[in-house]
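Chemist: Got a structure for you, written out below as structure tokens; questions coming shortly.
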Amino acid sequence: MISQSSGQPVFRFAPSPNGHLHLGHALSALYTWNRAQETGGRFLLRLEDIDLARCSDAFVRDMLEDLEWLGLQWEEPVRRQSLHFDDYRSVLDRLDALGVLYPCFATRQEIRTAVAAIEDHPADPDGAPVYPGLAKALTPDRRDFLISQGKPYARRIDMAKAVHMARLKNSGPVCFVEQASGPNDETGVVQTQPLAWGDVILARKDIPASYHIAVVHDDALQGVTDVTRGQDLFYATSVHRVLQTLLGMPAPVYEHHHLIRDETGRRLSKSARDKSLRSLRAEGHTRADIVGLVGLDVD
Ligand code: GLU
């Protein structure tokens, strides 16, 4: 069921402090701010910092300063996901109780080898090979044994089973409302395609959570009604809607905005060391320049 809230809209900008903000983030932040302003909605900032090895306090500090410089004002306290691993653990326990999780002990190398042996192995919407299901057939005894031996494992969702349960719960296919558009112009009521992702990881070996778990939990907890984010996350919405359905969480409406690309059509990213907002500021660019550069009409 897709529920639309009738109260005050709640928006969030949810960056990961694992690098400096670049123009792509500025677009997302200003887009979200704009939508909150024009609808009289609330604007939340959430720090998605579960990856402790890559996120840092220094990046958080710089990020907050950049966002203030952009003129954004958010509600306090800011939710910082790294302080809430217990919440994510209990969501995982609920999914486990539904029987849709299984431990996966396979190493990256084992997965690579298995995939290489399969002709025309499918890729997920991000272009990564779909997990070939190595650990799915282990017996419960074998799983318990490996866990008792201290062998590290990730927790994966049995997507086919999860989709089946979600369809039953929903009395039909799981959908979402897209108010802007996806990469292939998907808009309006969109039917999810979660099987394209396969059995994704919901708790990593090194981190007792994942982006998917943290985002659905926090959006529900914070009463987020409108998820505004880049089109790179459009297809991940399928996973989120399945989880929300299984967990009885309300469905926000979604607005996936265009991405900023460089002259060669490549998407901006922190890892590629694209120009940070800080360096643009240092070069003397103003907030109005940034608004112009991201192609938004913002006051
Ligand atoms: N933390 C994610 C990112 O920085 C955004 C998550 C979301 O908006 O759902 O790409």
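Chain lettering (A, B, ...) mirrors the order of the structure tokens, residue numbering begins at 1 for each chain separately, and ligand numbering begins at 1 in order of display.
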Sorted by chain and rising residue number, list the residues of chain A at most 6 Å from ligand 1 (counting only C-alpha atoms and all ligand atoms), each with its closest atom pair and distance in Å to one decimal, as a Markdown table.

Modeler:
| residue | atom | partner | partner_atom_place_in_ligand_line | distance |
| --- | --- | --- | --- | --- |
| A:Ala14 | CA | ligand 1 | 1 (N) | 5.0 |
| A:Pro15 | CA | ligand 1 | 4 (O) | 3.8 |
| A:Ser16 | CA | ligand 1 | 4 (O) | 4.4 |
| A:Glu48 | CA | ligand 1 | 1 (N) | 5.1 |
| A:Arg229 | CA | ligand 1 | 8 (O) | 4.9 |

Chemist: Set the distance at 9 Å and use only C-alpha atoms: which residues neighbour range 211-220 of chain A once local chain neighbours fewer than 4 positions away are removed? I'd like the list as a ChimeraX atom specification.

Modeler: /A:12,14,46,48,50,79,81,84-85,87-88,91-92,201-203,224-225,227,236,239-241,243-244,249-252

Chemist: Write the residues you've just listed into a file as a PDB file, in the first residue's frame, and include N, CA and C atoms for each of them.

Modeler:
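Final output, out04.pdb:
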ATOM      1  N   ARG A  12      14.563  15.304   3.778  1.00  0.00           N
ATOM      2  CA  ARG A  12      15.889  15.147   4.400  1.00  0.00           C
ATOM      3  C   ARG A  12      16.971  15.164   3.341  1.00  0.00           C
ATOM      4  N   ALA A  14      20.712  13.617   3.103  1.00  0.00           N
ATOM      5  CA  ALA A  14      21.382  12.565   3.884  1.00  0.00           C
ATOM      6  C   ALA A  14      22.752  12.210   3.319  1.00  0.00           C
ATOM      7  N   ARG A  46      20.758  14.474   7.785  1.00  0.00           N
ATOM      8  CA  ARG A  46      21.110  13.184   8.418  1.00  0.00           C
ATOM      9  C   ARG A  46      22.488  12.770   7.935  1.00  0.00           C
ATOM     10  N   GLU A  48      24.948   9.978   7.143  1.00  0.00           N
ATOM     11  CA  GLU A  48      24.947   8.536   6.884  1.00  0.00           C
ATOM     12  C   GLU A  48      26.389   8.042   6.971  1.00  0.00           C
ATOM     13  N   ILE A  50      27.693   5.165   8.595  1.00  0.00           N
ATOM     14  CA  ILE A  50      27.907   3.819   9.167  1.00  0.00           C
ATOM     15  C   ILE A  50      29.260   3.241   8.768  1.00  0.00           C
ATOM     16  N   ARG A  79      20.692  13.672  13.066  1.00  0.00           N
ATOM     17  CA  ARG A  79      20.845  12.237  13.327  1.00  0.00           C
ATOM     18  C   ARG A  79      22.134  11.743  12.684  1.00  0.00           C
ATOM     19  N   GLN A  81      24.062   8.342  11.959  1.00  0.00           N
ATOM     20  CA  GLN A  81      23.736   6.910  11.942  1.00  0.00           C
ATOM     21  C   GLN A  81      24.713   6.055  12.742  1.00  0.00           C
ATOM     22  N   HIS A  84      23.680   4.689  16.080  1.00  0.00           N
ATOM     23  CA  HIS A  84      22.420   3.955  16.191  1.00  0.00           C
ATOM     24  C   HIS A  84      22.494   2.529  15.644  1.00  0.00           C
ATOM     25  N   PHE A  85      23.656   1.920  15.778  1.00  0.00           N
ATOM     26  CA  PHE A  85      23.771   0.545  15.258  1.00  0.00           C
ATOM     27  C   PHE A  85      22.778  -0.408  15.934  1.00  0.00           C
ATOM     28  N   ASP A  87      19.721   0.190  16.675  1.00  0.00           N
ATOM     29  CA  ASP A  87      18.448   0.289  15.939  1.00  0.00           C
ATOM     30  C   ASP A  87      18.489  -0.612  14.706  1.00  0.00           C
ATOM     31  N   TYR A  88      19.616  -0.539  13.992  1.00  0.00           N
ATOM     32  CA  TYR A  88      19.696  -1.296  12.731  1.00  0.00           C
ATOM     33  C   TYR A  88      19.751  -2.797  13.015  1.00  0.00           C
ATOM     34  N   VAL A  91      16.270  -4.005  13.493  1.00  0.00           N
ATOM     35  CA  VAL A  91      15.550  -4.163  12.213  1.00  0.00           C
ATOM     36  C   VAL A  91      15.975  -5.477  11.560  1.00  0.00           C
ATOM     37  N   LEU A  92      17.270  -5.756  11.616  1.00  0.00           N
ATOM     38  CA  LEU A  92      17.766  -7.009  11.029  1.00  0.00           C
ATOM     39  C   LEU A  92      17.158  -8.203  11.760  1.00  0.00           C
ATOM     40  N   ILE A 201      23.341  -7.489   0.260  1.00  0.00           N
ATOM     41  CA  ILE A 201      23.815  -7.520   1.649  1.00  0.00           C
ATOM     42  C   ILE A 201      23.043  -6.491   2.469  1.00  0.00           C
ATOM     43  N   LEU A 202      22.512  -6.936   3.612  1.00  0.00           N
ATOM     44  CA  LEU A 202      21.839  -5.992   4.509  1.00  0.00           C
ATOM     45  C   LEU A 202      22.668  -5.707   5.754  1.00  0.00           C
ATOM     46  N   ALA A 203      23.634  -6.577   6.042  1.00  0.00           N
ATOM     47  CA  ALA A 203      24.601  -6.278   7.112  1.00  0.00           C
ATOM     48  C   ALA A 203      25.948  -6.747   6.598  1.00  0.00           C
ATOM     49  N   VAL A 224       9.934  10.815   7.447  1.00  0.00           N
ATOM     50  CA  VAL A 224      10.227  11.443   6.148  1.00  0.00           C
ATOM     51  C   VAL A 224       9.095  11.096   5.173  1.00  0.00           C
ATOM     52  N   THR A 225       8.493  12.125   4.594  1.00  0.00           N
ATOM     53  CA  THR A 225       7.382  11.901   3.661  1.00  0.00           C
ATOM     54  C   THR A 225       7.841  11.987   2.213  1.00  0.00           C
ATOM     55  N   VAL A 227      11.259  11.697  -0.195  1.00  0.00           N
ATOM     56  CA  VAL A 227      12.687  11.388  -0.359  1.00  0.00           C
ATOM     57  C   VAL A 227      13.163  12.031  -1.657  1.00  0.00           C
ATOM     58  N   ALA A 236      17.619   1.661  -6.369  1.00  0.00           N
ATOM     59  CA  ALA A 236      17.709   1.149  -4.993  1.00  0.00           C
ATOM     60  C   ALA A 236      16.362   1.272  -4.284  1.00  0.00           C
ATOM     61  N   VAL A 239      14.561  -1.942  -3.558  1.00  0.00           N
ATOM     62  CA  VAL A 239      14.962  -2.683  -2.346  1.00  0.00           C
ATOM     63  C   VAL A 239      14.297  -2.037  -1.132  1.00  0.00           C
ATOM     64  N   HIS A 240      14.303  -0.712  -1.108  1.00  0.00           N
ATOM     65  CA  HIS A 240      13.750  -0.006   0.054  1.00  0.00           C
ATOM     66  C   HIS A 240      12.266  -0.278   0.212  1.00  0.00           C
ATOM     67  N   ARG A 241      11.548  -0.323  -0.909  1.00  0.00           N
ATOM     68  CA  ARG A 241      10.102  -0.547  -0.825  1.00  0.00           C
ATOM     69  C   ARG A 241       9.784  -1.971  -0.352  1.00  0.00           C
ATOM     70  N   LEU A 243      11.648  -3.711   1.703  1.00  0.00           N
ATOM     71  CA  LEU A 243      11.924  -3.703   3.146  1.00  0.00           C
ATOM     72  C   LEU A 243      10.815  -2.964   3.908  1.00  0.00           C
ATOM     73  N   GLN A 244      10.423  -1.815   3.385  1.00  0.00           N
ATOM     74  CA  GLN A 244       9.366  -1.052   4.065  1.00  0.00           C
ATOM     75  C   GLN A 244       8.079  -1.876   4.158  1.00  0.00           C
ATOM     76  N   MET A 249       6.414  -0.364   7.304  1.00  0.00           N
ATOM     77  CA  MET A 249       6.752   1.073   7.377  1.00  0.00           C
ATOM     78  C   MET A 249       6.007   1.827   6.277  1.00  0.00           C
ATOM     79  N   PRO A 250       5.663   3.104   6.549  1.00  0.00           N
ATOM     80  CA  PRO A 250       4.969   3.862   5.493  1.00  0.00           C
ATOM     81  C   PRO A 250       5.881   4.137   4.303  1.00  0.00           C
ATOM     82  N   ALA A 251       5.269   4.322   3.151  1.00  0.00           N
ATOM     83  CA  ALA A 251       6.057   4.619   1.941  1.00  0.00           C
ATOM     84  C   ALA A 251       6.125   6.119   1.738  1.00  0.00           C
ATOM     85  N   PRO A 252       7.327   6.684   1.728  1.00  0.00           N
ATOM     86  CA  PRO A 252       7.420   8.100   1.335  1.00  0.00           C
ATOM     87  C   PRO A 252       7.138   8.215  -0.163  1.00  0.00           C
TER      88      PRO A 252
END

Chemist: I'd like the interatomic distance between CA of Tyr153 in chain A and CA of Asp49 in chain A, to a tenth of an Å.

Modeler: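 Interatomic distance, CA of Tyr153 in chain A to CA of Asp49 in chain A: 21.0 Å.
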
Chemist: Could you tell me how far CA of Asp199 in chain A sits from CA of Gly133 in chain A, in Å to one decimal place?

Modeler: 7.4 Å

Chemist: Identify, on the basis of only C-alpha atoms, every residue whose closest approach to Asp232 in chain A does not exceed 8 Å; exclude the query and any residue fewer than 3 positions from it along the same chain; express the result as a PyMOL selection string.

Modeler: chain A and resi 183+235+259

Chemist: If we count only C-alpha atoms, what is near range 155-167 of chain A at a cut-off of 8 Å, once residues fewer than 3 positions away on the same chain are taken out, given as a ChimeraX atom specification?

Modeler: /A:100-104,170-174,194-195,198-205,242,245-246

Chemist: Hey, can you spit out that residue selection with C-alpha atoms as a PDB file, in the first residue's frame?

Modeler:
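Output saved as out.pdb:
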ATOM      1  CA  VAL A 100      14.261 -13.675   4.839  1.00  0.00           C
ATOM      2  CA  LEU A 101      17.903 -13.312   5.913  1.00  0.00           C
ATOM      3  CA  TYR A 102      20.779 -15.748   5.624  1.00  0.00           C
ATOM      4  CA  PRO A 103      24.446 -15.560   6.553  1.00  0.00           C
ATOM      5  CA  CYS A 104      26.928 -15.419   3.672  1.00  0.00           C
ATOM      6  CA  ASN A 170       0.584  -5.919  -0.222  1.00  0.00           C
ATOM      7  CA  SER A 171      -1.992  -8.013  -2.072  1.00  0.00           C
ATOM      8  CA  GLY A 172      -0.149  -7.181  -5.276  1.00  0.00           C
ATOM      9  CA  PRO A 173       3.102  -5.839  -6.670  1.00  0.00           C
ATOM     10  CA  VAL A 174       5.143  -3.422  -4.612  1.00  0.00           C
ATOM     11  CA  PRO A 194      13.910  -5.821  -6.668  1.00  0.00           C
ATOM     12  CA  LEU A 195      14.903  -9.154  -8.219  1.00  0.00           C
ATOM     13  CA  GLY A 198      19.508 -10.341  -6.237  1.00  0.00           C
ATOM     14  CA  ASP A 199      20.287 -11.214  -2.618  1.00  0.00           C
ATOM     15  CA  VAL A 200      21.848  -7.912  -1.561  1.00  0.00           C
ATOM     16  CA  ILE A 201      23.815  -7.520   1.649  1.00  0.00           C
ATOM     17  CA  LEU A 202      21.839  -5.992   4.509  1.00  0.00           C
ATOM     18  CA  ALA A 203      24.601  -6.278   7.112  1.00  0.00           C
ATOM     19  CA  ARG A 204      28.195  -6.195   6.008  1.00  0.00           C
ATOM     20  CA  LYS A 205      30.924  -8.397   7.429  1.00  0.00           C
ATOM     21  CA  VAL A 242      10.358  -4.301  -0.265  1.00  0.00           C
ATOM     22  CA  THR A 245       6.542  -3.403   3.095  1.00  0.00           C
ATOM     23  CA  LEU A 246       7.908  -6.325   5.102  1.00  0.00           C
TER      24      LEU A 246
END

Chemist: As a list in words, which residues of range 135-165 of chain A does DSSP assign to helix (DSSP H, G or I)?

Modeler: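 Residues meeting the helix (DSSP H, G or I) criterion: Pro140, Asp141, Arg142, Arg143, Asp144, Phe145, Leu146, Ile147, Ser148, Met159, Ala160, Lys161, Ala162, Val163, His164 and Met165 of chain A.
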
Chemist: Could you write out that same residue set with N, CA and C atoms as a PDB file, in the first residue's frame?

Modeler:
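Written file, out-v9.pdb:
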ATOM      1  N   PRO A 140      21.134 -25.393   7.930  1.00  0.00           N
ATOM      2  CA  PRO A 140      21.189 -24.631   9.188  1.00  0.00           C
ATOM      3  C   PRO A 140      22.323 -25.120  10.088  1.00  0.00           C
ATOM      4  N   ASP A 141      22.569 -26.433  10.107  1.00  0.00           N
ATOM      5  CA  ASP A 141      23.649 -26.966  10.954  1.00  0.00           C
ATOM      6  C   ASP A 141      25.002 -26.430  10.512  1.00  0.00           C
ATOM      7  N   ARG A 142      25.202 -26.429   9.215  1.00  0.00           N
ATOM      8  CA  ARG A 142      26.474 -25.960   8.672  1.00  0.00           C
ATOM      9  C   ARG A 142      26.657 -24.452   8.991  1.00  0.00           C
ATOM     10  N   ARG A 143      25.577 -23.705   8.824  1.00  0.00           N
ATOM     11  CA  ARG A 143      25.640 -22.270   9.139  1.00  0.00           C
ATOM     12  C   ARG A 143      26.009 -22.066  10.607  1.00  0.00           C
ATOM     13  N   ASP A 144      25.324 -22.818  11.474  1.00  0.00           N
ATOM     14  CA  ASP A 144      25.589 -22.665  12.919  1.00  0.00           C
ATOM     15  C   ASP A 144      27.031 -23.030  13.224  1.00  0.00           C
ATOM     16  N   PHE A 145      27.513 -24.090  12.544  1.00  0.00           N
ATOM     17  CA  PHE A 145      28.885 -24.524  12.790  1.00  0.00           C
ATOM     18  C   PHE A 145      29.871 -23.417  12.399  1.00  0.00           C
ATOM     19  N   LEU A 146      29.683 -22.871  11.189  1.00  0.00           N
ATOM     20  CA  LEU A 146      30.616 -21.839  10.709  1.00  0.00           C
ATOM     21  C   LEU A 146      30.569 -20.606  11.609  1.00  0.00           C
ATOM     22  N   ILE A 147      29.377 -20.266  12.060  1.00  0.00           N
ATOM     23  CA  ILE A 147      29.251 -19.101  12.967  1.00  0.00           C
ATOM     24  C   ILE A 147      29.977 -19.404  14.275  1.00  0.00           C
ATOM     25  N   SER A 148      29.786 -20.644  14.776  1.00  0.00           N
ATOM     26  CA  SER A 148      30.439 -20.998  16.052  1.00  0.00           C
ATOM     27  C   SER A 148      31.966 -21.011  15.919  1.00  0.00           C
ATOM     28  N   MET A 159      16.043 -12.488  -1.692  1.00  0.00           N
ATOM     29  CA  MET A 159      15.168 -11.523  -2.348  1.00  0.00           C
ATOM     30  C   MET A 159      13.909 -12.169  -2.917  1.00  0.00           C
ATOM     31  N   ALA A 160      14.047 -13.363  -3.489  1.00  0.00           N
ATOM     32  CA  ALA A 160      12.858 -13.992  -4.075  1.00  0.00           C
ATOM     33  C   ALA A 160      11.806 -14.240  -2.980  1.00  0.00           C
ATOM     34  N   LYS A 161      12.276 -14.717  -1.837  1.00  0.00           N
ATOM     35  CA  LYS A 161      11.359 -14.984  -0.725  1.00  0.00           C
ATOM     36  C   LYS A 161      10.765 -13.671  -0.186  1.00  0.00           C
ATOM     37  N   ALA A 162      11.621 -12.665  -0.073  1.00  0.00           N
ATOM     38  CA  ALA A 162      11.176 -11.369   0.454  1.00  0.00           C
ATOM     39  C   ALA A 162      10.128 -10.745  -0.474  1.00  0.00           C
ATOM     40  N   VAL A 163      10.368 -10.845  -1.778  1.00  0.00           N
ATOM     41  CA  VAL A 163       9.422 -10.258  -2.737  1.00  0.00           C
ATOM     42  C   VAL A 163       8.089 -11.003  -2.665  1.00  0.00           C
ATOM     43  N   HIS A 164       8.174 -12.324  -2.553  1.00  0.00           N
ATOM     44  CA  HIS A 164       6.960 -13.127  -2.447  1.00  0.00           C
ATOM     45  C   HIS A 164       6.147 -12.696  -1.213  1.00  0.00           C
ATOM     46  N   MET A 165       6.836 -12.558  -0.092  1.00  0.00           N
ATOM     47  CA  MET A 165       6.137 -12.164   1.144  1.00  0.00           C
ATOM     48  C   MET A 165       5.570 -10.749   1.035  1.00  0.00           C
TER      49      MET A 165
END

Chemist: Here is a test: counting only C-alpha atoms, which residue of A:Ile111, A:Ala117, A:Ala288, A:Leu233 is nearest to Ser181 in chain A?

Modeler: A:Leu233

Chemist: Skip Thr113 in chain A itself and residues of its chain fewer than 5 positions away, then list as a list in words all residues within 12 Å of it, counting only C-alpha atoms.

Modeler: Ala106, Thr107, Arg108, Ile118, His121, Pro129, Tyr131, Pro132 and Leu134 of chain A

Chemist: Nearest to Leu64 in chain A among A:Arg278, A:Arg287, A:His256, A:Arg261, with distances taken over only C-alpha atoms: which residue is it?

Modeler: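 Under the stated criterion, the closest residue is A:Arg278.
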